Structure formats: structure tokens, C-alpha cells
Amino acid sequence: MATKIVKCSRTVAYLPSFHAARIRWRTFSSASDIRDHFPELTEDTAKTVWPDKKLGLLGPQDKRFLLPGQVGPCVNPKKVTDQFKVKAVESPVLDLDTALPETLFLHHSDIAEQFLTSIDEIDVDFIDREMSGPTCTDKLEYRAHNCPTLLRKEFKELFPQRNIMDGTLVIITISLKTENDMTIWSSEVEQEREKLLEMFIQGAVELCQAFDDSGFWADFIDPSSGKPFKSPHTNFTLFETDERYRKLGFDIRDLGCCKVISHPVWGTRSYIGSLFTNAPLNHPILMNLSYPH
């Protein structure tokens with residue numbers, strides 16, 4: 001089960017494993033290709049009438065309804081919705097939405113809309129404390145932040161050939177719950193970190209590819225080197241103990257001999273990675289992680 005918090009500048013979700021997150025990225029990638037399987041509806045296509053008055057059922061099939069039983073996909077829901085709105089205004093037929101009692105679904109929709117419009121007035125800290133905690137089976141936390149201008153200045157050296165000061169920039173932090181405490185170095189800790197490093201890189205490469213396929217740029221920081229994985233070489237780094245992670249909700253503890261990052265929930269039993277993209281915070285790839293399937 002995934003827990004989701006959506007605010008003006010952040011999305012938070014918890015998942016049981018990295019494998020579950022990768023399945024959702026793949027699910028979106030498969031679903032996003034639906035337009036490739038159906039032709040684009042044009043004005044000429046929209047005027048097609050089937051069956052043909054002269055040829056009957058032997059005439060050319062209406063391209064809007066390609067599936068058996070003369071069923072077709074709704075490739076432009078907004079346009080269809082707008083058409084229905086126009087018909088509802090122009091038609092003298094009784095409006096059933098106003099004539100019939102409000103359904104339970106509409107009632108819930110109105111309440112949700114009122115909540116979203118007044119979310120700025122709600123205590124954000126209260127939301128985080130009461131709703132964003134993971135369950136006992138969740139081992140991955142996913143946070144997507146809209147990056148403000150001041151914070152972009154601290155990351156722009158990581159991508160010298162890309163202007164991240166303009167347009168959208170979202171920072172995604174992926175936290176993995178560890179079995180061992182990262183403040184104590186041992187062979188078990190080293191083995192677990194190597195395993196999580198491989199797991200993170202595989203998942204981050206797949207997530208970046210999903211963004212690329214959707215027409216957006218994305219790159220992640222290799223935790224082993226602190227440098228961008230796909231972008232050109234740079235001398236600047238972002239290791240998991242970097243002080244900039246404080247501005248993303250983490251704590252950096254100085255142990256004297258070394259530093260360690262601390263997760264707000266899992267403490268020092270965590271492994272942190274980050275990814276950057278210019279996809280908007282409400283993009284389906286990002287939102288798809290927050291909804292159970």
C-alpha cells in the first residue's frame with residue numbers, strides 16, 4: 001500500500017520495495033504508449049459516418065471506433081468533456097445533474113475540491129506528522145520537491161551544460177530503509193551498501209529512461225562518486241552527507257570521524273539517493289508512484 005501526500009511543492013509516497021517502484025514506472029511506460037496504437041483523430045476523421053449510406057456495412061469503417069463492437073478509445077478526454085458541456089448548454093432537454101439528487105460520488109468530489117482549495121490554510125507540519133508515516137512493511141520513501149530558485153543556485157554546478165535556473169526543476173529523493181545502522185562500519189554494512197547501490201542505480205536508470213521516453217530530461221547522482229550519472233563530467237559533487245540535504249528534509253550528523261545522513265523516520269538506518277528532472281510535479285510518472293494498483 002502506498003501513502004500519498006500532495007501539497008503545492010512536494011509529493012511523498014511510501015512503497016514496500018524498490019522493485020514495486022520499478023513495476024509502477026514500467027506500468028506507466030506501457031500505458032503511455034496507447035496513443036501509438038491508435039491514429040490521431042482529425043477533423044476529417046471526425047466527419048466520418050458509419051455505416052455508409054450507399055455501401056452500408058461494406059463501406060469504410062469509422063476510424064474513431066477501431067475495436068470490436070464499434071468501440072474506440074477516448075484519446076482526448078478534455079475535448080470530449082468540452083463537447084458534452086456545449087451540448088448540455090445548447091440542448092433544451094432536462095439537465096439530470098440538477099434534477100436528480102446529488103450522488104455520493106459527486107458529494108465526495110465536492111468535499112475533495114474544497115479540501116484542495118483550502119490546503120494552504122492547513123497546518124503542513126500536522127499533515128506530515130499524522131499522514132506521511134510509512135507502515136511496517138514499507139522500505140522505500142519517495143519524495144519529489146519543486147526546487148526553488150535559491151536552491152537551484154546550489155545545484156547548477158552539477159549540470160554545467162544545462163540551464164537549470166529556468167523552467168521546471170524537480171528533485172526526487174529516494175530513501176531505502178536499511179537493516180544495519182549506518183553509523184557503525186562493518187562488513188555487513190559494506191555488503192548492504194553495495195547491494196543498495198546497485199539496486200538504486202538500476203532503478204534510477206529505468207526512471208530516467210521513463211522521463212526520456214516522455215520527452216523530459218532527467219539525471220541522477222551516483223552515490224558512489226557524488227557526480228551526475230548521465231551528464232558531462234564536473235568537479236562538483238553531491239554526496240549523501242552533503243549539507244544541502246538538510247534543505248530537503250534530512251539531518252546530517254557529525255560523528256567526529258565521519259558524517260552520516262539521518263532520515264526523518266528511519267534515522268541512520270537509511271540509504272539516500274537523488275534524481276533531478278524538468279518534468280512537472282504532477283506528471284503521471286511521478287503521480288503513478290503514489291497510487292496503489
# chains A, B, ... in the order shown; residues from 1 in each chain; ligands from 1
call {"tool": "closest_atom_pairs", "arguments": {"of": "stretch 156-225 of chain A", "to": "stretch 233-242 of chain A", "cutoff": "9 Å", "atoms": "only C-alpha atoms", "output": "JSON lines"}}
result
{"residue": "A:Glu157", "atom": "CA", "partner": "A:Phe236", "partner_atom": "CA", "distance": 6.3}
{"residue": "A:Leu158", "atom": "CA", "partner": "A:Phe236", "partner_atom": "CA", "distance": 5.8}
{"residue": "A:Phe159", "atom": "CA", "partner": "A:Thr234", "partner_atom": "CA", "distance": 7.6}
{"residue": "A:Pro160", "atom": "CA", "partner": "A:Thr234", "partner_atom": "CA", "distance": 7.4}
{"residue": "A:Ile221", "atom": "CA", "partner": "A:Leu238", "partner_atom": "CA", "distance": 7.1}
{"residue": "A:Asp222", "atom": "CA", "partner": "A:Phe239", "partner_atom": "CA", "distance": 8.5}
{"residue": "A:Pro223", "atom": "CA", "partner": "A:Phe239", "partner_atom": "CA", "distance": 6.2}
{"residue": "A:Ser224", "atom": "CA", "partner": "A:Phe239", "partner_atom": "CA", "distance": 7.9}
{"residue": "A:Ser225", "atom": "CA", "partner": "A:Phe239", "partner_atom": "CA", "distance": 7.4}
call {"tool": "write_last_selection", "arguments": {"atoms": "N, CA and C atoms", "output": "PDB file, in the first residue's frame"}}
result
ATOM      1  N   GLU A 157      26.079  23.873 -10.522  1.00  0.00           N
ATOM      2  CA  GLU A 157      27.406  23.414 -10.899  1.00  0.00           C
ATOM      3  C   GLU A 157      27.440  21.926 -11.228  1.00  0.00           C
ATOM      4  N   LEU A 158      26.440  21.184 -10.751  1.00  0.00           N
ATOM      5  CA  LEU A 158      26.392  19.755 -11.058  1.00  0.00           C
ATOM      6  C   LEU A 158      26.070  19.498 -12.521  1.00  0.00           C
ATOM      7  N   PHE A 159      25.389  20.448 -13.151  1.00  0.00           N
ATOM      8  CA  PHE A 159      24.977  20.288 -14.550  1.00  0.00           C
ATOM      9  C   PHE A 159      25.438  21.522 -15.331  1.00  0.00           C
ATOM     10  N   PRO A 160      26.744  21.659 -15.586  1.00  0.00           N
ATOM     11  CA  PRO A 160      27.284  22.884 -16.191  1.00  0.00           C
ATOM     12  C   PRO A 160      26.786  23.151 -17.599  1.00  0.00           C
ATOM     13  N   ILE A 221      22.220  11.352  -9.274  1.00  0.00           N
ATOM     14  CA  ILE A 221      23.546  11.425  -8.679  1.00  0.00           C
ATOM     15  C   ILE A 221      23.991  10.019  -8.286  1.00  0.00           C
ATOM     16  N   ASP A 222      25.131   9.615  -8.798  1.00  0.00           N
ATOM     17  CA  ASP A 222      25.712   8.320  -8.437  1.00  0.00           C
ATOM     18  C   ASP A 222      26.206   8.407  -6.996  1.00  0.00           C
ATOM     19  N   PRO A 223      25.611   7.662  -6.070  1.00  0.00           N
ATOM     20  CA  PRO A 223      26.032   7.775  -4.659  1.00  0.00           C
ATOM     21  C   PRO A 223      27.492   7.418  -4.435  1.00  0.00           C
ATOM     22  N   SER A 224      28.091   6.594  -5.278  1.00  0.00           N
ATOM     23  CA  SER A 224      29.473   6.173  -5.072  1.00  0.00           C
ATOM     24  C   SER A 224      30.472   7.263  -5.432  1.00  0.00           C
ATOM     25  N   SER A 225      30.101   8.138  -6.373  1.00  0.00           N
ATOM     26  CA  SER A 225      31.006   9.203  -6.805  1.00  0.00           C
ATOM     27  C   SER A 225      30.501  10.595  -6.451  1.00  0.00           C
TER      28      SER A 225
END
call {"tool": "residues_around", "arguments": {"residues": "A:Leu197", "least_positions_apart": "3", "cutoff": "10 Å", "atoms": "only C-alpha atoms", "output": "ChimeraX atom specification"}}
result
/A:191-194,200-203,222-224,271-273
call {"tool": "atom_distance", "arguments": {"atom1": "atom CA of A:Lys156", "atom2": "atom CA of A:Asp251"}}
result
22.2 Å
call {"tool": "closest_residue", "arguments": {"among": "A:Ala144, A:Ala218, A:Ala204, A:Ile23", "to": "A:Met287", "atoms": "only C-alpha atoms"}}
result
A:Ala144
call {"tool": "atom_distance", "arguments": {"atom1": "atom CA of A:Phe220", "atom2": "atom CA of A:Gly267"}}
result
22.8 Å
call {"tool": "closest_residue", "arguments": {"among": "A:Ala21, A:Cys147, A:Met182, A:Leu207", "to": "A:Met165", "atoms": "only C-alpha atoms"}}
result
A:Cys147
call {"tool": "select_by_dssp", "arguments": {"residues": "stretch 213-256 of chain A", "states": "strand (DSSP E)", "output": "NGL selection string"}}
result
:A and (218-220 or 251-254)
call {"tool": "write_last_selection", "arguments": {"atoms": "N, CA, C and O atoms", "output": "PDB file, in the first residue's frame"}}
result
ATOM      1  N   ALA A 218      16.243  14.056 -17.455  1.00  0.00           N
ATOM      2  CA  ALA A 218      16.386  13.543 -16.096  1.00  0.00           C
ATOM      3  C   ALA A 218      17.786  12.975 -15.920  1.00  0.00           C
ATOM      4  O   ALA A 218      18.355  12.404 -16.858  1.00  0.00           O
ATOM      5  N   ASP A 219      18.341  13.137 -14.746  1.00  0.00           N
ATOM      6  CA  ASP A 219      19.644  12.581 -14.403  1.00  0.00           C
ATOM      7  C   ASP A 219      19.680  12.369 -12.897  1.00  0.00           C
ATOM      8  O   ASP A 219      18.960  13.030 -12.149  1.00  0.00           O
ATOM      9  N   PHE A 220      20.506  11.428 -12.457  1.00  0.00           N
ATOM     10  CA  PHE A 220      20.591  11.160 -11.026  1.00  0.00           C
ATOM     11  C   PHE A 220      22.042  11.211 -10.580  1.00  0.00           C
ATOM     12  O   PHE A 220      22.982  11.142 -11.385  1.00  0.00           O
ATOM     13  N   ASP A 251      18.762  15.164   8.029  1.00  0.00           N
ATOM     14  CA  ASP A 251      19.699  15.696   9.004  1.00  0.00           C
ATOM     15  C   ASP A 251      21.069  15.079   8.744  1.00  0.00           C
ATOM     16  O   ASP A 251      21.169  13.890   8.401  1.00  0.00           O
ATOM     17  N   ILE A 252      22.123  15.881   8.885  1.00  0.00           N
ATOM     18  CA  ILE A 252      23.484  15.399   8.708  1.00  0.00           C
ATOM     19  C   ILE A 252      24.152  15.394  10.075  1.00  0.00           C
ATOM     20  O   ILE A 252      24.327  16.444  10.704  1.00  0.00           O
ATOM     21  N   ARG A 253      24.513  14.217  10.546  1.00  0.00           N
ATOM     22  CA  ARG A 253      25.119  14.071  11.866  1.00  0.00           C
ATOM     23  C   ARG A 253      26.633  13.953  11.743  1.00  0.00           C
ATOM     24  O   ARG A 253      27.150  13.160  10.947  1.00  0.00           O
ATOM     25  N   ASP A 254      27.329  14.729  12.551  1.00  0.00           N
ATOM     26  CA  ASP A 254      28.784  14.698  12.582  1.00  0.00           C
ATOM     27  C   ASP A 254      29.216  13.780  13.722  1.00  0.00           C
ATOM     28  O   ASP A 254      28.988  14.074  14.900  1.00  0.00           O
TER      29      ASP A 254
END
call {"tool": "closest_residue", "arguments": {"among": "A:Thr11, A:Thr149, A:Ser274, A:Ser231", "to": "A:Ile164", "atoms": "only C-alpha atoms"}}
result
A:Thr149
call {"tool": "atom_distance", "arguments": {"atom1": "atom CA of A:His145", "atom2": "atom CA of A:Leu281"}}
result
7.5 Å
call {"tool": "closest_residue", "arguments": {"among": "A:Thr277, A:Asn282, A:Asn288, A:Ser17", "to": "A:Val170", "atoms": "only C-alpha atoms"}}
result
A:Thr277
call {"tool": "residues_around", "arguments": {"residues": "A:Ser270", "least_positions_apart": "3", "cutoff": "7 Å", "atoms": "only C-alpha atoms", "output": "PyMOL selection string"}}
result
chain A and resi 175-178+263+266-267
